[in-house]
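Undergrad: Before we start, here is the structure in question, set down as C-alpha cells.
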Amino acid sequence: MSETSTKPYLLRAIYEWCTDNGYTPYMAAVVDAGTRVPMEFVKNGEIVLNISFSATSGLKMDNDLVRFSARFGGVSRDISVPVDNVVAIYARENGQGMAFEATVKSDDAEGADEQAEDSSAQPIQSSSGPALTSVPTAPKPNEKNVAVESDDEPDPPKKGGRPTLTRIK
C-alpha cells in the first residue's frame with residue numbers, strides 16, 4: 001500500500017493559517033494539459049491565483065485536485081489544478097508560506113516521484129534549497145493573473161457639497 005502525499009495536507013494547513021491571520025492566500029502552479037485555468041493569464045508556463053474566500057466560490061482542496069470558480073475580467077471561470085502542479089502557497093501580505101517542487105508524471109518518473117514526494121516540501125524561509133522571490137505587497141491595477149476580489153470598498157464620499165445618487169446596474 002502506497003503512502004498518501006503530505007503536500008495536499010500542507011496546502012490546506014497554509015491556506016487555513018493565512019485565513020486565520022487575515023492574510024490573502026495565493027497559489028502558484030505549473031500549467032500543463034491537466035490544468036484548467038484561463039490560458040491568457042499564464043506566464044512562462046505558470047499562473048498565480050488568489051484563492052481567498054472572497055475571490056473564489058466553492059473552493060475544494062482535495063488530495064489530488066484544487067478546484068474552485070473565480071472571476072477573471074468579470075467572467076466566471078471554473079479552475080482545476082492538480083496538487084502535483086502546485087509549486088507554492090503563500091500569504092500575499094508578507095510572502096510567508098511554502099514552496100514545492102512540481103512533480104511531473106511520466107511512466108519512468110513515477111517511482112522516483114513517490115520517493116521524492118515527502119522531501120518535496122520546503123519552507124520559503126529555509127536557508128537551503130530553492131526559495132521564492134519576493135512578491136509585490138499589493139497587486140497592480142492592470143494585473144490580470146489574480147482572481148478579482150469582490151469586496152473592494154469604494155472611495156469615501158467627498159466632504160461638502162450636495163449628496164448625489166448614483167445608479168449602479
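Going by the C-alpha cells order, chains are called A, B, ..., each with residues numbered from 1, while ligands are numbered from 1 in the order shown.
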Excluding same-chain residues fewer than 6 positions from stretch 12-23 of chain A, what lies within 9 Å of it counting only C-alpha atoms, as a list in words?

TA: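 So, after excluding close chain neighbours, the residues are Ile51, Ser52, Phe53, Met61, Asp62, Ile89, Tyr90, Ala91, Arg92, Glu93, Asn94, Gly97 and Met98 of chain A.
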
Undergrad: Choose the residue, out of A:Asn50, A:Asn63, A:Asn85, A:Thr24, that has the smallest atom-to-atom separation from A:Ser5; count only C-alpha atoms.

TA: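 That would be A:Asn63, the residue with the smallest distance to A:Ser5.
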
Undergrad: Counting only C-alpha atoms, which residue out of A:Ala99, A:Val81, A:Val75, A:Val87 sits closest to A:Asp32?

TA: A:Val81

Undergrad: If you run DSSP on this backbone, which residues of stretch 19-117 of chain A come out as helix (DSSP H, G or I), and could you give them as number ranges by chain?

TA: A: 19-20, 39-41, 83-85, 110-116

Undergrad: Please produce a file of the residues just selected, as a compact mmCIF listing (two decimals), in the first residue's frame, where the atoms kept are N, CA and C atoms.

TA:
```
# COMPACT_ATOMS: atom_id res chain seq x y z
N THR A 19 -5.89 32.43 6.26
CA THR A 19 -7.22 32.97 6.54
C THR A 19 -7.40 33.28 8.03
N ASP A 20 -6.86 32.45 8.91
CA ASP A 20 -6.97 32.71 10.35
C ASP A 20 -6.26 34.00 10.75
N MET A 39 -5.95 30.50 -19.98
CA MET A 39 -4.62 30.49 -20.59
C MET A 39 -4.07 31.89 -20.86
N GLU A 40 -4.94 32.89 -21.00
CA GLU A 40 -4.45 34.25 -21.27
C GLU A 40 -3.72 34.86 -20.07
N PHE A 41 -3.84 34.24 -18.90
CA PHE A 41 -3.16 34.73 -17.70
C PHE A 41 -1.93 33.90 -17.32
N VAL A 83 -2.84 18.85 -7.62
CA VAL A 83 -1.98 19.15 -6.48
C VAL A 83 -0.51 18.99 -6.87
N ASP A 84 -0.21 18.04 -7.74
CA ASP A 84 1.17 17.83 -8.18
C ASP A 84 1.74 19.05 -8.90
N ASN A 85 0.89 19.90 -9.48
CA ASN A 85 1.34 21.07 -10.23
C ASN A 85 1.54 22.30 -9.36
N GLU A 110 7.51 7.89 -12.36
CA GLU A 110 6.58 7.68 -11.25
C GLU A 110 7.25 7.11 -10.02
N GLY A 111 8.13 6.17 -10.14
CA GLY A 111 8.82 5.58 -9.00
C GLY A 111 9.69 6.61 -8.28
N ALA A 112 10.37 7.44 -9.03
CA ALA A 112 11.22 8.48 -8.43
C ALA A 112 10.37 9.53 -7.74
N ASP A 113 9.19 9.85 -8.29
CA ASP A 113 8.31 10.83 -7.68
C ASP A 113 7.82 10.36 -6.32
N GLU A 114 7.47 9.09 -6.19
CA GLU A 114 6.96 8.59 -4.93
C GLU A 114 8.02 8.68 -3.85
N GLN A 115 9.30 8.44 -4.20
CA GLN A 115 10.37 8.53 -3.21
C GLN A 115 10.64 9.98 -2.85
N ALA A 116 10.53 10.90 -3.80
CA ALA A 116 10.84 12.30 -3.54
C ALA A 116 9.65 13.07 -2.98
```

Undergrad: From the DSSP assignment of the backbone, select every residue of stretch 23-105 of chain A that is strand (DSSP E), and format the answer as a compact mmCIF listing (two decimals) with N, CA, C and O atoms, in the first residue's frame.

TA:
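Saved to selection37.txt:
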```txt
# COMPACT_ATOMS: atom_id res chain seq x y z
N PRO A 25 -4.38 34.29 0.78
CA PRO A 25 -3.59 33.16 0.28
C PRO A 25 -3.50 33.17 -1.25
O PRO A 25 -4.50 33.32 -1.94
N TYR A 26 -2.28 33.05 -1.75
CA TYR A 26 -2.02 32.95 -3.18
C TYR A 26 -1.43 31.58 -3.45
O TYR A 26 -0.67 31.05 -2.62
N MET A 27 -1.75 31.02 -4.62
CA MET A 27 -1.24 29.72 -5.01
C MET A 27 -0.58 29.86 -6.38
O MET A 27 -1.19 30.38 -7.31
N ALA A 28 0.66 29.39 -6.50
CA ALA A 28 1.36 29.39 -7.78
C ALA A 28 1.39 27.96 -8.29
O ALA A 28 1.61 27.02 -7.52
N ALA A 29 1.13 27.79 -9.61
CA ALA A 29 1.07 26.44 -10.17
C ALA A 29 1.66 26.40 -11.57
O ALA A 29 1.59 27.38 -12.31
N VAL A 30 2.24 25.25 -11.90
CA VAL A 30 2.73 24.99 -13.25
C VAL A 30 1.53 24.57 -14.09
O VAL A 30 0.70 23.78 -13.65
N GLU A 46 3.42 29.20 -15.94
CA GLU A 46 2.94 29.23 -14.56
C GLU A 46 1.82 30.25 -14.42
O GLU A 46 1.69 31.17 -15.22
N ILE A 47 1.01 30.08 -13.38
CA ILE A 47 -0.04 31.02 -13.05
C ILE A 47 -0.08 31.21 -11.55
O ILE A 47 0.21 30.27 -10.80
N VAL A 48 -0.39 32.42 -11.12
CA VAL A 48 -0.54 32.73 -9.70
C VAL A 48 -2.00 33.09 -9.49
O VAL A 48 -2.55 33.93 -10.19
N LEU A 49 -2.64 32.42 -8.52
CA LEU A 49 -4.07 32.60 -8.28
C LEU A 49 -4.35 33.05 -6.86
O LEU A 49 -3.75 32.53 -5.91
N ASN A 50 -5.26 34.00 -6.72
CA ASN A 50 -5.75 34.42 -5.41
C ASN A 50 -6.81 33.40 -5.02
O ASN A 50 -7.83 33.27 -5.68
N THR A 56 -12.92 33.44 -4.45
CA THR A 56 -13.28 32.15 -5.03
C THR A 56 -14.69 31.75 -4.60
O THR A 56 -15.25 32.30 -3.65
N SER A 57 -15.23 30.79 -5.31
CA SER A 57 -16.52 30.22 -4.96
C SER A 57 -16.39 28.70 -5.04
O SER A 57 -15.90 28.17 -6.03
N GLY A 58 -16.81 28.02 -3.98
CA GLY A 58 -16.78 26.56 -3.97
C GLY A 58 -15.39 25.97 -3.95
O GLY A 58 -15.14 24.96 -4.61
N LEU A 59 -14.47 26.56 -3.20
CA LEU A 59 -13.09 26.06 -3.14
C LEU A 59 -13.06 24.67 -2.52
O LEU A 59 -13.58 24.45 -1.42
N LYS A 60 -12.47 23.71 -3.22
CA LYS A 60 -12.28 22.34 -2.73
C LYS A 60 -10.81 21.99 -2.89
O LYS A 60 -10.28 22.01 -4.00
N MET A 61 -10.15 21.68 -1.79
CA MET A 61 -8.75 21.30 -1.82
C MET A 61 -8.66 19.82 -1.48
O MET A 61 -8.45 19.45 -0.32
N LEU A 65 -6.58 17.27 -6.30
CA LEU A 65 -7.03 18.37 -7.14
C LEU A 65 -7.49 19.55 -6.30
O LEU A 65 -8.13 19.37 -5.27
N VAL A 66 -7.16 20.78 -6.76
CA VAL A 66 -7.68 22.01 -6.16
C VAL A 66 -8.66 22.57 -7.17
O VAL A 66 -8.30 22.85 -8.32
N ARG A 67 -9.94 22.71 -6.77
CA ARG A 67 -10.99 23.18 -7.68
C ARG A 67 -11.73 24.35 -7.07
O ARG A 67 -11.99 24.37 -5.86
N PHE A 68 -12.12 25.33 -7.92
CA PHE A 68 -12.94 26.45 -7.48
C PHE A 68 -13.39 27.23 -8.71
O PHE A 68 -12.95 26.98 -9.83
N SER A 69 -14.29 28.18 -8.49
CA SER A 69 -14.71 29.11 -9.52
C SER A 69 -14.21 30.49 -9.12
O SER A 69 -14.21 30.83 -7.93
N ALA A 70 -13.80 31.28 -10.10
CA ALA A 70 -13.33 32.64 -9.83
C ALA A 70 -13.66 33.51 -11.03
O ALA A 70 -13.85 33.01 -12.14
N ARG A 71 -13.70 34.80 -10.80
CA ARG A 71 -14.00 35.75 -11.87
C ARG A 71 -12.70 36.33 -12.40
O ARG A 71 -11.86 36.80 -11.65
N PHE A 72 -12.56 36.29 -13.71
CA PHE A 72 -11.42 36.88 -14.40
C PHE A 72 -11.99 37.87 -15.40
O PHE A 72 -12.69 37.47 -16.34
N VAL A 75 -15.76 37.62 -15.83
CA VAL A 75 -16.32 36.37 -16.34
C VAL A 75 -15.96 35.24 -15.37
O VAL A 75 -14.79 35.04 -15.05
N SER A 76 -16.99 34.50 -14.92
CA SER A 76 -16.76 33.38 -14.00
C SER A 76 -16.14 32.21 -14.75
O SER A 76 -16.60 31.83 -15.82
N ARG A 77 -15.06 31.65 -14.19
CA ARG A 77 -14.37 30.52 -14.80
C ARG A 77 -14.20 29.41 -13.77
O ARG A 77 -13.97 29.68 -12.59
N ASP A 78 -14.32 28.17 -14.22
CA ASP A 78 -14.02 27.02 -13.37
C ASP A 78 -12.54 26.72 -13.45
O ASP A 78 -11.99 26.56 -14.55
N ILE A 79 -11.89 26.64 -12.31
CA ILE A 79 -10.45 26.42 -12.22
C ILE A 79 -10.21 25.03 -11.62
O ILE A 79 -10.86 24.64 -10.65
N SER A 80 -9.26 24.31 -12.19
CA SER A 80 -8.90 22.98 -11.71
C SER A 80 -7.38 22.82 -11.84
O SER A 80 -6.85 22.89 -12.94
N VAL A 81 -6.73 22.62 -10.70
CA VAL A 81 -5.26 22.50 -10.68
C VAL A 81 -4.89 21.21 -9.94
O VAL A 81 -5.25 21.05 -8.77
N PRO A 82 -4.18 20.29 -10.60
CA PRO A 82 -3.70 19.10 -9.88
C PRO A 82 -2.74 19.50 -8.76
O PRO A 82 -1.92 20.40 -8.93
N VAL A 86 1.08 22.28 -8.11
CA VAL A 86 1.22 23.43 -7.22
C VAL A 86 2.69 23.56 -6.82
O VAL A 86 3.30 22.61 -6.35
N VAL A 87 3.25 24.76 -7.04
CA VAL A 87 4.65 24.98 -6.69
C VAL A 87 4.81 25.85 -5.45
O VAL A 87 5.89 25.89 -4.86
N ALA A 88 3.74 26.57 -5.04
CA ALA A 88 3.84 27.39 -3.83
C ALA A 88 2.45 27.80 -3.36
O ALA A 88 1.52 27.92 -4.15
N ILE A 89 2.35 28.02 -2.06
CA ILE A 89 1.18 28.65 -1.45
C ILE A 89 1.75 29.59 -0.40
O ILE A 89 2.62 29.21 0.38
N TYR A 90 1.28 30.86 -0.42
CA TYR A 90 1.87 31.86 0.45
C TYR A 90 0.89 33.00 0.71
O TYR A 90 -0.11 33.16 0.01
N ALA A 91 1.19 33.80 1.73
CA ALA A 91 0.40 34.98 2.06
C ALA A 91 0.90 36.15 1.22
O ALA A 91 2.10 36.41 1.17
N GLY A 97 4.98 31.28 3.55
CA GLY A 97 4.23 30.14 3.06
C GLY A 97 5.16 28.97 2.82
O GLY A 97 6.11 28.77 3.57
N MET A 98 4.89 28.23 1.77
CA MET A 98 5.68 27.04 1.48
C MET A 98 5.82 26.86 -0.02
O MET A 98 4.89 27.09 -0.78
N ALA A 99 7.01 26.42 -0.44
CA ALA A 99 7.28 26.14 -1.85
C ALA A 99 7.45 24.64 -2.02
O ALA A 99 7.90 23.94 -1.11
N PHE A 100 7.06 24.15 -3.20
CA PHE A 100 7.15 22.73 -3.51
C PHE A 100 7.79 22.56 -4.88
O PHE A 100 7.77 23.47 -5.69
```

Undergrad: If you measure from atom CA of A:Arg36 to atom CA of A:Leu11, what distance in Å do you get, rounded to one decimal?

TA: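 These two atoms are separated by 18.6 Å.
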
Undergrad: For atom CA of A:Pro38 and atom CA of A:Gly74, determine how far apart the two atoms are, in Å to one decimal place.

TA: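 Going from atom CA of A:Pro38 over to atom CA of A:Gly74 covers 12.7 Å.
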
Undergrad: Which is closest to A:Tyr9 among A:Val42, A:Ala33, A:Ala102, A:Asp64, if we use only C-alpha atoms?

TA: A:Asp64
